[in-house]
$ cat input_12.cif   # mmCIF, C-alpha atoms and all ligand atoms
data_start
loop_
_atom_site.label_atom_id
_atom_site.label_comp_id
_atom_site.auth_asym_id
_atom_site.auth_seq_id
_atom_site.Cartn_x
_atom_site.Cartn_y
_atom_site.Cartn_z
CA MET A 52 69.03 81.89 -23.61
CA ASN A 53 70.22 81.32 -27.17
CA ILE A 54 67.71 78.96 -28.76
CA VAL A 55 67.85 77.55 -32.29
CA VAL A 56 64.52 76.60 -33.83
CA GLY A 57 65.01 74.21 -36.74
CA ILE A 58 62.08 74.22 -39.15
CA THR A 59 61.75 71.49 -41.75
CA GLY A 60 59.51 71.02 -44.76
CA GLY A 61 56.12 69.90 -43.57
CA ILE A 62 52.77 71.66 -43.59
CA ALA A 63 53.05 72.07 -39.79
CA ALA A 64 55.87 74.57 -40.52
CA TYR A 65 53.23 77.29 -40.24
CA LYS A 66 52.71 76.29 -36.60
CA ALA A 67 56.46 76.69 -35.98
CA VAL A 68 55.79 80.44 -36.07
CA GLY A 69 53.90 79.92 -32.80
CA VAL A 70 56.89 78.09 -31.29
CA VAL A 71 59.25 80.91 -32.26
CA ARG A 72 56.83 83.52 -30.96
CA ALA A 73 56.36 81.83 -27.59
CA LEU A 74 60.12 81.48 -27.10
CA VAL A 75 60.72 85.14 -28.00
CA ARG A 76 57.94 86.22 -25.65
CA ALA A 77 59.54 84.17 -22.89
CA GLY A 78 62.59 86.42 -23.34
CA HIS A 79 64.88 84.18 -25.40
CA ASP A 80 67.17 85.02 -28.30
CA VAL A 81 65.76 82.82 -31.05
CA HIS A 82 67.62 81.89 -34.25
CA VAL A 83 65.70 80.09 -36.93
CA VAL A 84 67.48 77.57 -39.13
CA ALA A 85 65.03 76.57 -41.83
CA THR A 86 65.48 74.02 -44.57
CA GLU A 87 64.82 75.20 -48.13
CA LYS A 88 61.67 73.08 -48.15
CA ALA A 89 60.43 74.67 -44.91
CA LEU A 90 60.64 78.07 -46.61
CA ARG A 91 58.19 76.83 -49.22
CA PHE A 92 55.61 76.45 -46.45
CA VAL A 93 56.33 79.56 -44.39
CA GLY A 94 57.93 82.80 -45.49
CA ARG A 95 61.33 84.05 -44.41
CA PRO A 96 59.97 87.57 -43.65
CA THR A 97 57.41 86.09 -41.24
CA LEU A 98 60.08 84.11 -39.41
CA GLU A 99 62.49 87.07 -39.31
CA ALA A 100 59.81 89.42 -38.00
CA ILE A 101 58.69 87.00 -35.31
CA SER A 102 62.18 85.80 -34.27
CA ARG A 103 63.68 89.31 -34.58
CA ASN A 104 66.78 87.70 -36.13
CA LEU A 105 67.90 86.73 -39.60
CA VAL A 106 66.75 83.31 -40.74
CA HIS A 107 69.52 80.97 -41.87
CA SER A 108 68.98 78.27 -44.43
CA ASP A 109 71.98 78.11 -46.77
CA LEU A 110 75.03 76.03 -45.90
CA TYR A 111 77.21 78.20 -48.13
CA GLU A 112 76.28 81.57 -46.63
CA GLY A 113 78.48 83.08 -43.93
CA VAL A 114 81.29 80.63 -44.68
CA ALA A 115 83.93 83.12 -43.45
CA GLU A 116 82.40 82.99 -39.98
CA VAL A 117 82.11 79.17 -40.17
CA ARG A 118 78.38 79.49 -39.72
CA HIS A 119 77.69 75.80 -40.29
CA VAL A 120 79.14 75.05 -36.87
CA ALA A 121 78.92 78.46 -35.16
CA ILE A 122 75.13 78.41 -34.83
CA GLY A 123 75.13 74.99 -33.18
CA GLN A 124 78.07 75.80 -30.91
CA ALA A 125 76.35 78.94 -29.60
CA ALA A 126 73.00 77.27 -28.96
CA ASP A 127 71.82 76.53 -25.41
CA LEU A 128 68.89 74.54 -26.79
CA ILE A 129 67.78 73.31 -30.22
CA VAL A 130 64.12 72.68 -31.02
CA VAL A 131 63.23 71.08 -34.36
CA ALA A 132 59.55 71.73 -35.08
CA PRO A 133 58.16 70.32 -37.22
CA ALA A 134 60.51 67.40 -37.67
CA THR A 135 59.54 65.51 -40.83
CA ALA A 136 60.14 61.77 -41.25
CA ASN A 137 63.03 62.69 -43.55
CA THR A 138 64.66 65.01 -41.01
CA ILE A 139 64.24 62.41 -38.26
CA ALA A 140 65.97 59.84 -40.49
CA LYS A 141 68.77 62.31 -41.20
CA ILE A 142 69.30 63.14 -37.53
CA ALA A 143 69.32 59.43 -36.69
CA ALA A 144 71.94 58.80 -39.37
CA GLY A 145 73.99 61.92 -38.53
CA HIS A 146 73.65 63.52 -41.95
CA ALA A 147 75.11 66.98 -42.48
CA ASP A 148 74.00 67.85 -45.99
CA ASP A 149 72.23 71.06 -45.01
CA LEU A 150 72.66 73.85 -42.47
CA LEU A 151 70.28 72.29 -39.93
CA GLY A 152 72.09 68.93 -40.05
CA ASN A 153 75.43 70.70 -39.47
CA THR A 154 73.98 72.81 -36.68
CA ILE A 155 72.65 69.74 -34.87
CA LEU A 156 75.90 67.81 -35.24
CA ALA A 157 77.99 70.76 -34.04
CA SER A 158 75.92 71.28 -30.90
CA THR A 159 76.13 69.73 -27.45
CA ALA A 160 72.92 71.48 -26.29
CA PRO A 161 69.72 69.58 -25.46
CA LEU A 162 67.81 68.71 -28.62
CA VAL A 163 64.02 68.53 -28.81
CA VAL A 164 62.21 67.24 -31.88
CA ALA A 165 58.49 67.57 -32.56
CA PRO A 166 57.57 65.06 -35.26
CA ALA A 167 54.84 65.84 -37.79
CA MET A 168 53.82 63.45 -40.54
CA HIS A 169 51.04 61.19 -41.69
CA THR A 170 50.10 58.30 -39.44
CA GLU A 171 51.41 55.69 -41.88
CA MET A 172 54.81 57.39 -41.98
CA TRP A 173 54.90 57.69 -38.18
CA ARG A 174 54.11 53.99 -37.83
CA ASN A 175 56.51 52.89 -40.55
CA PRO A 176 59.19 50.62 -39.05
CA ALA A 177 61.91 52.90 -40.45
CA THR A 178 60.53 55.91 -38.52
CA VAL A 179 59.84 53.79 -35.42
CA SER A 180 63.46 52.65 -35.42
CA ASN A 181 64.79 56.18 -36.07
CA ILE A 182 62.75 57.58 -33.20
CA ALA A 183 64.07 54.82 -30.91
CA THR A 184 67.61 55.79 -31.96
CA LEU A 185 66.95 59.44 -31.16
CA ARG A 186 65.49 58.60 -27.75
CA ALA A 187 68.39 56.28 -26.96
CA ARG A 188 70.73 59.21 -27.58
CA GLY A 189 68.85 61.38 -25.10
CA ILE A 190 67.05 63.45 -27.73
CA HIS A 191 63.64 64.56 -26.47
CA VAL A 192 60.71 63.68 -28.68
CA VAL A 193 57.55 65.75 -28.09
CA GLY A 194 54.39 64.28 -29.54
CA PRO A 195 53.14 63.79 -32.11
CA ALA A 196 49.56 64.46 -31.05
CA SER A 197 46.60 62.69 -32.52
CA GLY A 198 44.04 64.55 -34.60
CA GLN A 199 43.27 66.11 -37.93
CA LEU A 200 46.14 65.79 -40.43
CA THR A 201 46.53 67.43 -43.82
CA GLY A 202 43.66 66.47 -46.09
CA ALA A 203 40.88 64.30 -44.74
CA ASP A 204 43.08 62.02 -42.62
CA SER A 205 43.20 62.00 -38.90
CA GLY A 206 45.28 60.02 -36.40
CA PRO A 207 48.65 60.20 -34.65
CA GLY A 208 51.17 62.33 -36.55
CA ARG A 209 49.93 65.86 -35.98
CA MET A 210 52.60 68.17 -34.56
CA SER A 211 52.04 68.93 -30.87
CA GLU A 212 50.71 72.38 -30.07
CA PRO A 213 53.38 75.11 -29.94
CA ASP A 214 52.80 75.76 -26.21
CA ASP A 215 53.33 72.08 -25.42
CA ILE A 216 56.56 71.98 -27.43
CA VAL A 217 57.83 75.12 -25.74
CA ALA A 218 56.91 73.84 -22.27
CA ALA A 219 58.73 70.57 -22.91
CA ALA A 220 61.76 72.33 -24.36
CA LEU A 221 62.09 74.90 -21.59
CA SER A 222 61.62 72.25 -18.92
CA LEU A 223 65.00 70.87 -20.02
CA VAL A 224 66.87 74.11 -19.54
CA GLY A 225 64.66 76.53 -17.60
CA PRO A 226 64.95 77.60 -13.97
CA ARG A 227 64.14 74.80 -11.54
CA ASP A 228 63.16 77.15 -8.73
CA LEU A 229 60.24 74.96 -7.61
CA ALA A 230 62.28 71.76 -7.41
CA GLY A 231 61.53 69.85 -4.23
CA LEU A 232 58.00 71.26 -3.91
CA ARG A 233 54.93 69.11 -4.22
CA VAL A 234 52.16 71.10 -5.92
CA LEU A 235 48.50 70.14 -6.18
CA VAL A 236 46.51 71.89 -8.91
CA THR A 237 42.82 71.44 -9.62
CA ALA A 238 41.47 72.42 -13.04
CA GLY A 239 38.31 72.31 -15.10
CA GLY A 240 34.72 72.45 -13.92
CA THR A 241 32.74 69.97 -11.86
CA ARG A 242 29.50 68.47 -13.16
CA GLU A 243 26.57 67.43 -11.03
CA PRO A 244 24.40 64.71 -12.53
CA LEU A 245 20.63 65.01 -12.69
CA ASP A 246 20.08 61.62 -14.26
CA PRO A 247 22.27 59.20 -16.28
CA VAL A 248 22.35 61.56 -19.28
CA ARG A 249 22.20 65.10 -17.88
CA PHE A 250 24.25 67.29 -15.63
CA ILE A 251 24.62 70.82 -14.32
CA GLY A 252 28.04 72.18 -15.19
CA ASN A 253 29.99 75.29 -16.09
CA ARG A 254 32.07 76.56 -19.00
CA SER A 255 35.53 76.21 -17.46
CA SER A 256 37.89 74.74 -20.09
CA GLY A 257 40.64 73.87 -17.61
CA ARG A 258 43.21 75.83 -19.63
CA GLN A 259 44.44 78.11 -16.84
CA GLY A 260 44.76 75.30 -14.28
CA VAL A 261 46.54 73.02 -16.74
CA ALA A 262 48.89 75.89 -17.65
CA ILE A 263 49.73 76.34 -13.95
CA ALA A 264 50.38 72.62 -13.52
CA ARG A 265 52.63 72.56 -16.58
CA ALA A 266 54.51 75.69 -15.58
CA ALA A 267 55.08 74.30 -12.07
CA ALA A 268 56.36 70.98 -13.49
CA THR A 269 58.57 72.87 -15.94
CA ARG A 270 60.05 74.73 -12.97
CA GLY A 271 60.88 71.45 -11.26
CA ALA A 272 57.88 70.88 -8.97
CA ASP A 273 56.38 67.46 -8.41
CA VAL A 274 52.82 68.11 -9.65
CA VAL A 275 49.52 66.34 -9.11
CA LEU A 276 46.83 67.68 -11.41
CA VAL A 277 43.22 66.89 -10.59
CA VAL A 278 41.10 67.61 -13.64
CA ALA A 279 37.34 67.78 -13.89
CA ASN A 280 35.80 67.66 -17.37
CA ILE A 281 38.39 69.75 -19.17
CA GLU A 282 37.86 70.73 -22.79
CA ASP A 283 39.14 68.36 -25.48
CA GLY A 284 42.68 69.11 -26.54
CA VAL A 285 43.69 71.02 -23.39
CA LEU A 286 45.65 68.06 -22.06
CA ASP A 287 46.20 66.11 -25.28
CA ALA A 288 49.94 66.06 -25.12
CA ASP A 289 51.56 65.87 -21.72
CA PRO A 290 55.07 67.15 -22.37
CA VAL A 291 56.20 67.52 -18.78
CA GLY A 292 55.00 64.32 -17.17
CA LEU A 293 52.20 65.41 -14.88
CA ASP A 294 50.50 63.02 -12.49
CA VAL A 295 46.89 63.47 -13.70
CA ARG A 296 43.74 62.33 -11.84
CA HIS A 297 40.40 62.58 -13.60
CA VAL A 298 37.27 63.40 -11.61
CA SER A 299 33.85 64.71 -12.53
CA THR A 300 31.62 65.69 -9.60
CA THR A 301 32.38 68.07 -6.74
CA ALA A 302 32.37 65.12 -4.33
CA GLU A 303 35.06 63.35 -6.41
CA LEU A 304 37.12 66.53 -6.72
CA ARG A 305 36.82 67.07 -2.97
CA ASP A 306 38.01 63.53 -2.16
CA ALA A 307 41.00 63.82 -4.50
CA ALA A 308 41.93 67.36 -3.38
CA LEU A 309 41.68 66.65 0.37
CA ALA A 310 43.75 63.47 0.01
CA GLU A 311 46.48 65.03 -2.14
CA ALA A 312 46.64 68.23 -0.10
CA GLN A 313 47.90 66.22 2.87
CA THR A 314 51.30 65.96 1.23
CA ALA A 315 51.28 69.13 -0.87
CA ASP A 316 53.43 72.19 -0.18
CA VAL A 317 51.31 74.31 -2.52
CA VAL A 318 47.65 73.94 -3.43
CA VAL A 319 46.17 75.82 -6.39
CA MET A 320 42.37 75.59 -6.60
CA ALA A 321 41.82 76.71 -10.17
CA ALA A 322 38.82 74.44 -10.74
CA ALA A 323 35.38 75.96 -11.10
CA VAL A 324 33.44 74.03 -8.50
CA ALA A 325 29.65 73.67 -8.68
CA ASP A 326 28.25 75.32 -5.55
CA TYR A 327 25.06 73.26 -5.70
CA ARG A 328 24.04 69.80 -6.80
CA PRO A 329 20.62 68.26 -7.43
CA GLU A 330 19.16 66.97 -4.17
CA THR A 331 18.40 63.65 -5.84
CA VAL A 332 19.87 61.97 -8.88
CA ALA A 333 17.27 60.06 -10.91
CA GLU A 334 18.08 56.42 -11.60
CA GLY A 335 16.58 56.61 -15.08
CA LYS A 336 16.17 59.44 -17.60
CA ILE A 337 13.82 62.14 -16.32
CA LYS A 338 10.74 62.21 -18.58
CA LYS A 339 8.63 65.23 -19.61
CA GLU A 340 5.46 63.26 -18.94
CA THR A 341 6.26 63.05 -15.23
CA GLN A 342 7.45 66.70 -14.98
CA GLY A 343 4.80 68.58 -16.96
CA ASP A 344 5.43 72.12 -18.29
CA VAL A 345 7.45 73.37 -15.34
CA PHE A 346 10.29 71.37 -13.87
CA ASP A 347 11.14 72.35 -10.29
CA LEU A 348 14.67 71.31 -9.47
CA ARG A 349 15.83 71.33 -5.87
CA LEU A 350 19.54 71.95 -5.39
CA VAL A 351 21.55 71.51 -2.21
CA ARG A 352 24.81 73.24 -1.28
CA ASN A 353 28.09 71.51 -1.98
CA PRO A 354 30.89 71.69 0.56
CA ASP A 355 33.36 74.51 0.02
CA ILE A 356 36.51 72.53 -0.73
CA LEU A 357 38.81 75.54 -0.56
CA ARG A 358 37.61 76.44 2.93
CA GLU A 359 38.11 72.86 4.04
CA LEU A 360 41.62 72.95 2.62
CA THR A 361 42.56 76.18 4.37
CA ALA A 362 41.03 74.93 7.64
CA ALA A 363 43.28 71.84 7.41
CA ARG A 364 46.35 73.74 6.15
CA ARG A 365 49.67 72.02 6.90
CA PRO A 366 52.38 74.19 8.45
CA GLY A 367 54.13 76.08 5.67
CA GLN A 368 51.55 75.12 3.06
CA THR A 369 50.62 77.85 0.56
CA ILE A 370 47.01 77.79 -0.62
CA ILE A 371 46.00 79.73 -3.71
CA GLY A 372 42.34 80.23 -4.57
CA PHE A 373 40.66 81.65 -7.62
CA ALA A 374 37.73 84.02 -7.83
CA ALA A 375 35.71 84.12 -11.00
CA GLU A 376 33.50 87.21 -10.98
CA THR A 377 31.26 88.84 -13.55
CA GLU A 378 31.33 92.29 -11.83
CA LEU A 379 32.18 94.97 -14.39
CA ASP A 380 33.16 97.81 -12.04
CA PRO A 381 36.89 97.36 -11.19
CA VAL A 382 36.48 98.84 -7.71
CA LYS A 383 33.59 96.55 -6.84
CA LEU A 384 35.47 93.64 -8.40
CA LEU A 385 38.36 94.23 -6.02
CA GLU A 386 35.99 94.48 -3.06
CA LEU A 387 34.46 91.14 -4.00
CA GLY A 388 37.95 89.67 -4.28
CA ARG A 389 39.01 91.01 -0.88
CA ALA A 390 35.90 89.63 0.79
CA LYS A 391 36.40 86.26 -0.89
CA ALA A 392 40.09 86.09 0.08
CA ALA A 393 39.16 86.68 3.72
CA ARG A 394 36.20 84.30 3.66
CA LYS A 395 38.22 81.49 2.13
CA GLY A 396 41.30 81.93 4.32
CA VAL A 397 43.68 81.67 1.37
CA ASP A 398 47.26 82.93 1.16
CA LEU A 399 46.71 84.27 -2.34
CA LEU A 400 43.59 84.85 -4.38
CA VAL A 401 43.71 85.08 -8.17
CA LEU A 402 40.90 87.34 -9.24
CA ASN A 403 39.65 87.24 -12.79
CA ARG A 404 36.64 88.53 -14.57
CA VAL A 405 34.56 86.01 -16.41
CA GLY A 406 31.64 86.57 -18.69
CA TRP A 407 29.93 85.37 -21.81
CA ALA A 408 33.11 85.96 -23.82
CA GLU A 409 35.79 86.38 -21.17
CA GLY A 410 37.94 84.18 -18.98
CA PHE A 411 36.42 80.76 -19.59
CA GLY A 412 37.57 78.90 -22.69
CA THR A 413 39.83 81.67 -23.99
CA PRO A 414 43.59 81.25 -24.59
CA SER A 415 44.51 84.40 -22.65
CA ASN A 416 43.70 85.75 -19.23
CA ASP A 417 43.80 88.95 -17.26
CA ILE A 418 44.23 88.66 -13.50
CA VAL A 419 44.88 90.53 -10.27
CA VAL A 420 46.36 88.65 -7.34
CA LEU A 421 45.47 89.57 -3.78
CA THR A 422 46.98 88.38 -0.52
CA GLY A 423 44.75 86.76 2.07
CA GLY A 424 44.63 90.18 3.75
CA GLY A 425 43.35 91.78 0.54
CA ASP A 426 46.52 93.55 -0.61
CA ARG A 427 47.12 93.67 -4.31
CA VAL A 428 50.41 91.86 -5.03
CA THR A 429 50.52 91.54 -8.76
CA GLU A 430 48.63 91.89 -12.00
CA ALA A 431 49.21 89.88 -15.13
CA SER A 432 47.71 89.55 -18.55
CA GLY A 433 48.66 87.49 -21.54
CA SER A 434 48.68 83.84 -22.48
CA LYS A 435 47.52 81.47 -19.79
CA SER A 436 51.05 80.05 -19.56
CA ASP A 437 52.53 83.54 -18.97
CA VAL A 438 49.88 84.19 -16.34
CA ALA A 439 50.67 80.80 -14.77
CA ASP A 440 54.32 81.77 -14.33
CA ARG A 441 53.44 85.12 -12.76
CA ILE A 442 51.22 83.31 -10.22
CA LEU A 443 53.94 80.75 -9.42
CA ASP A 444 56.47 83.57 -8.95
CA LEU A 445 54.45 84.48 -5.84
CA ILE A 446 54.99 81.20 -4.01
CA PRO A 447 56.80 82.40 -0.94
CA PRO A 448 60.26 81.30 0.09
CA PRO A 449 61.82 79.43 1.74
CA ARG A 450 61.78 76.97 -1.09
CA PRO A 451 63.64 73.74 -0.52
CA THR A 452 66.83 73.26 -2.46
CA PRO A 453 66.63 70.45 -5.05
CA SER A 454 68.70 68.13 -2.85
CA GLU A 455 66.31 68.40 0.12
N1 LIG B 1 35.57 76.59 -4.47
C1 LIG B 1 35.61 75.42 -3.75
N2 LIG B 1 34.46 74.76 -3.42
C2 LIG B 1 33.28 75.26 -3.79
C3 LIG B 1 33.21 76.46 -4.52
C4 LIG B 1 34.37 77.11 -4.86
O1 LIG B 1 36.70 74.97 -3.41
N3 LIG B 1 32.18 74.61 -3.46
C5 LIG B 1 36.83 77.30 -4.76
C6 LIG B 1 37.15 77.49 -6.23
O2 LIG B 1 37.96 76.44 -6.72
C7 LIG B 1 37.93 78.80 -6.22
C8 LIG B 1 37.32 79.54 -5.06
O3 LIG B 1 36.70 78.58 -4.23
O4 LIG B 1 39.31 78.61 -5.96
C9 LIG B 1 36.32 80.61 -5.42
O5 LIG B 1 35.35 80.08 -6.29
P1 LIG B 1 34.16 81.01 -6.78
O6 LIG B 1 33.25 80.20 -7.64
O7 LIG B 1 34.73 82.29 -7.35
O8 LIG B 1 33.49 81.43 -5.42
P2 LIG B 1 32.38 80.81 -4.54
O9 LIG B 1 32.94 80.38 -3.25
O10 LIG B 1 31.64 79.76 -5.31
O11 LIG B 1 31.47 82.07 -4.26
P3 LIG B 1 30.34 82.77 -5.20
O12 LIG B 1 30.08 81.80 -6.32
O13 LIG B 1 29.21 82.96 -4.28
O14 LIG B 1 31.01 84.03 -5.68
#
$ encode --input "input_12.cif" --output "structure tokens" --more "lines below"
Ligand code: CTP
Amino acid sequence: MNIVVGITGGIAAYKAVGVVRALVRAGHDVHVVATEKALRFVGRPTLEAISRNLVHSDLYEGVAEVRHVAIGQAADLIVVAPATANTIAKIAAGHADDLLGNTILASTAPLVVAPAMHTEMWRNPATVSNIATLRARGIHVVGPASGQLTGADSGPGRMSEPDDIVAAALSLVGPRDLAGLRVLVTAGGTREPLDPVRFIGNRSSGRQGVAIARAAATRGADVVLVVANIEDGVLDADPVGLDVRHVSTTAELRDAALAEAQTADVVVMAAAVADYRPETVAEGKIKKETQGDVFDLRLVRNPDILRELTAARRPGQTIIGFAAETELDPVKLLELGRAKAARKGVDLLVLNRVGWAEGFGTPSNDIVVLTGGGDRVTEASGSKSDVADRILDLIPPPRPTPSE
């Protein structure tokens, strides 16, 4: 796809490099149109190297080829990130005093803008009214997120993360091969309380599960995402409109998963579920005086939700499990995966190695997918959103057509 990334003059312009990079890695032909001010924040060579195309910024270059309209006419999608308050005002008013303004006016492609500015500017009635104008015209506004701004300020106005912008943008134009499917994804890690202030938990950030949910929604699926204690920021912006349920304990995750699975065509159990929970939960804070130097904690087994799901599988339902293993030897790792796939009764098992520095909490992942019978079907490594797409590619046909 031919995608134009418009970059305007805000400090978040440096993060636009991530947007360009993600779009190129997804296989798109990316053309950057930067304002002169944007190029004061991020260098042309960086953008040319990452986009693998020349960067355009001057209205009076390439006049013979009528570049001021040609770029917009050829675009299948335009993403403006960051979009400053000034650029938003110009788009709302239809200004064409620079190459980006001309490109936008000359295009009939979907337009996505990712605002970035200080909170006061975002809340200013002029910006509020400009954003309403953009939305009324069918322009897609992604974010802004809330958080640390330039300087010491913090609040709404921070540009959404590049992956969120890309997911939102591609959802407008990407393949809708999962349309008509209802997909349940669990993500994060369950926590088992010991007392009102303590719990037993795990280091799952929820990133891989959230990436699967987003990728499925981007590809047209109707997604329910059950999240347990995911890391801050992982679900800050929700660009694709997921139906999110928050849970914390294994019992809560189980209730939500079993209920939602009854209507799901695909279930992806990416959550790291606590296998045990404290036998009793103290009403008040457990005190050292009553425990002494050694604290014996009795744990009882939690139900295996995935096994319950596969035992109750609806006809045609695809159930995908995950296996997090610390085994270093690749042969033994595969054996563990095969045994787990069989034990759990899944259709597909995503096997990944976890460790002190691997798998959990990291932005990338490295997986092998096995069938329920233990055959290796695919391997993938890369960003968690790339890995998510490779997993979803394995959902077996027949897939309903969007009209069904
Ligand atoms: N799982 C589950 N319920 C549990 C434990 C795990 O549904 N009580 C699911 C996880 O969501 C994952 C899969 O089972 O999809 C495998 O989880 P994993 O922790 O790798 O395996 P366990 O079954 O816990 O086995 P072990 O820890 O002994 O390797």
$ closest_residue --input "input_12.cif" --among "A:Gly194, A:Pro329, A:Pro447, A:Gly271" --to "A:Gln368" --atoms "all atoms listed in the file"
A:Pro447
$ closest_residue --input "input_12.cif" --among "A:Met168, A:Ala132, A:Val120, A:Val75" --to "A:Asp149" --atoms "only C-alpha atoms"
A:Val120
$ residues_near_ligand --input "input_12.cif" --ligand "ligand LIG 1 (chain B)" --cutoff "9 Å" --atoms "all atoms listed in the file" --output "PDB file with C-alpha atoms, in the coordinates of the input"
ATOM      1  CA  THR A 237      42.820  71.440  -9.620  1.00  0.00           C
ATOM      2  CA  ALA A 238      41.470  72.420 -13.040  1.00  0.00           C
ATOM      3  CA  GLY A 240      34.720  72.450 -13.920  1.00  0.00           C
ATOM      4  CA  THR A 301      32.380  68.070  -6.740  1.00  0.00           C
ATOM      5  CA  ARG A 305      36.820  67.070  -2.970  1.00  0.00           C
ATOM      6  CA  VAL A 319      46.170  75.820  -6.390  1.00  0.00           C
ATOM      7  CA  MET A 320      42.370  75.590  -6.600  1.00  0.00           C
ATOM      8  CA  ALA A 321      41.820  76.710 -10.170  1.00  0.00           C
ATOM      9  CA  ALA A 322      38.820  74.440 -10.740  1.00  0.00           C
ATOM     10  CA  ALA A 323      35.380  75.960 -11.100  1.00  0.00           C
ATOM     11  CA  VAL A 324      33.440  74.030  -8.500  1.00  0.00           C
ATOM     12  CA  ALA A 325      29.650  73.670  -8.680  1.00  0.00           C
ATOM     13  CA  ASP A 326      28.250  75.320  -5.550  1.00  0.00           C
ATOM     14  CA  TYR A 327      25.060  73.260  -5.700  1.00  0.00           C
ATOM     15  CA  ARG A 352      24.810  73.240  -1.280  1.00  0.00           C
ATOM     16  CA  ASN A 353      28.090  71.510  -1.980  1.00  0.00           C
ATOM     17  CA  PRO A 354      30.890  71.690   0.560  1.00  0.00           C
ATOM     18  CA  ASP A 355      33.360  74.510   0.020  1.00  0.00           C
ATOM     19  CA  ILE A 356      36.510  72.530  -0.730  1.00  0.00           C
ATOM     20  CA  LEU A 357      38.810  75.540  -0.560  1.00  0.00           C
ATOM     21  CA  ARG A 358      37.610  76.440   2.930  1.00  0.00           C
ATOM     22  CA  GLU A 359      38.110  72.860   4.040  1.00  0.00           C
ATOM     23  CA  LEU A 360      41.620  72.950   2.620  1.00  0.00           C
ATOM     24  CA  ILE A 371      46.000  79.730  -3.710  1.00  0.00           C
ATOM     25  CA  GLY A 372      42.340  80.230  -4.570  1.00  0.00           C
ATOM     26  CA  PHE A 373      40.660  81.650  -7.620  1.00  0.00           C
ATOM     27  CA  ALA A 374      37.730  84.020  -7.830  1.00  0.00           C
ATOM     28  CA  ALA A 375      35.710  84.120 -11.000  1.00  0.00           C
ATOM     29  CA  GLU A 376      33.500  87.210 -10.980  1.00  0.00           C
ATOM     30  CA  LEU A 387      34.460  91.140  -4.000  1.00  0.00           C
ATOM     31  CA  GLY A 388      37.950  89.670  -4.280  1.00  0.00           C
ATOM     32  CA  LYS A 391      36.400  86.260  -0.890  1.00  0.00           C
ATOM     33  CA  ALA A 392      40.090  86.090   0.080  1.00  0.00           C
ATOM     34  CA  ARG A 394      36.200  84.300   3.660  1.00  0.00           C
ATOM     35  CA  LYS A 395      38.220  81.490   2.130  1.00  0.00           C
ATOM     36  CA  LEU A 400      43.590  84.850  -4.380  1.00  0.00           C
ATOM     37  CA  VAL A 401      43.710  85.080  -8.170  1.00  0.00           C
ATOM     38  CA  LEU A 402      40.900  87.340  -9.240  1.00  0.00           C
ATOM     39  CA  ASN A 403      39.650  87.240 -12.790  1.00  0.00           C
TER      40      ASN A 403
END
$ closest_residue --input "input_12.cif" --among "A:Pro414, A:Gly202, A:Gly367, A:Gly208" --to "A:Ala136" --atoms "all atoms listed in the file"
A:Gly208
$ atom_distance --input "input_12.cif" --atom1 "atom CA of A:Ser102" --atom2 "atom CA of A:Pro195"
23.9 Å
$ closest_residue --input "input_12.cif" --among "A:Gln342, A:Thr429, A:Thr361, A:Thr59" --to "A:Asp444" --atoms "all atoms listed in the file"
A:Thr429
$ residues_around --input "input_12.cif" --residues "A:Val130" --least-positions-apart "3" --cutoff "7 Å" --atoms "all atoms listed in the file" --output "list in words"
Val55, Val56, Gly57, Leu162, Val163 and Val164 of chain A
$ closest_residue --input "input_12.cif" --among "A:Leu384, A:Ala115, A:Val285, A:Ala144" --to "A:Asn181" --atoms "all atoms listed in the file"
A:Ala144
$ closest_residue --input "input_12.cif" --among "A:Thr138, A:Thr154, A:Ser222, A:Thr300" --to "A:Asn253" --atoms "all atoms listed in the file"
A:Thr300
$ atom_distance --input "input_12.cif" --atom1 "atom CA of A:Leu229" --atom2 "atom CA of A:Thr314"
15.5 Å
$ decode --input "input_12.cif" --residues "stretch 388-393 of chain A" --atoms "N, CA, C and O atoms" --output "PDB file, in the first residue's frame"
ATOM      1  N   GLY A 388       6.622 -28.564  24.988  1.00  0.00           N
ATOM      2  CA  GLY A 388       5.508 -27.966  24.250  1.00  0.00           C
ATOM      3  C   GLY A 388       4.559 -29.034  23.725  1.00  0.00           C
ATOM      4  O   GLY A 388       3.334 -28.897  23.834  1.00  0.00           O
ATOM      5  N   ARG A 389       5.126 -30.099  23.162  1.00  0.00           N
ATOM      6  CA  ARG A 389       4.273 -31.175  22.610  1.00  0.00           C
ATOM      7  C   ARG A 389       3.434 -31.801  23.710  1.00  0.00           C
ATOM      8  O   ARG A 389       2.234 -32.048  23.534  1.00  0.00           O
ATOM      9  N   ALA A 390       4.065 -32.063  24.841  1.00  0.00           N
ATOM     10  CA  ALA A 390       3.338 -32.685  25.954  1.00  0.00           C
ATOM     11  C   ALA A 390       2.228 -31.746  26.433  1.00  0.00           C
ATOM     12  O   ALA A 390       1.101 -32.179  26.710  1.00  0.00           O
ATOM     13  N   LYS A 391       2.541 -30.456  26.480  1.00  0.00           N
ATOM     14  CA  LYS A 391       1.545 -29.501  26.973  1.00  0.00           C
ATOM     15  C   LYS A 391       0.381 -29.376  25.993  1.00  0.00           C
ATOM     16  O   LYS A 391      -0.782 -29.322  26.402  1.00  0.00           O
ATOM     17  N   ALA A 392       0.696 -29.357  24.697  1.00  0.00           N
ATOM     18  CA  ALA A 392      -0.366 -29.256  23.676  1.00  0.00           C
ATOM     19  C   ALA A 392      -1.338 -30.421  23.827  1.00  0.00           C
ATOM     20  O   ALA A 392      -2.562 -30.244  23.775  1.00  0.00           O
ATOM     21  N   ALA A 393      -0.781 -31.623  24.031  1.00  0.00           N
ATOM     22  CA  ALA A 393      -1.636 -32.809  24.150  1.00  0.00           C
ATOM     23  C   ALA A 393      -2.434 -32.748  25.446  1.00  0.00           C
ATOM     24  O   ALA A 393      -3.649 -32.998  25.461  1.00  0.00           O
TER      25      ALA A 393
END
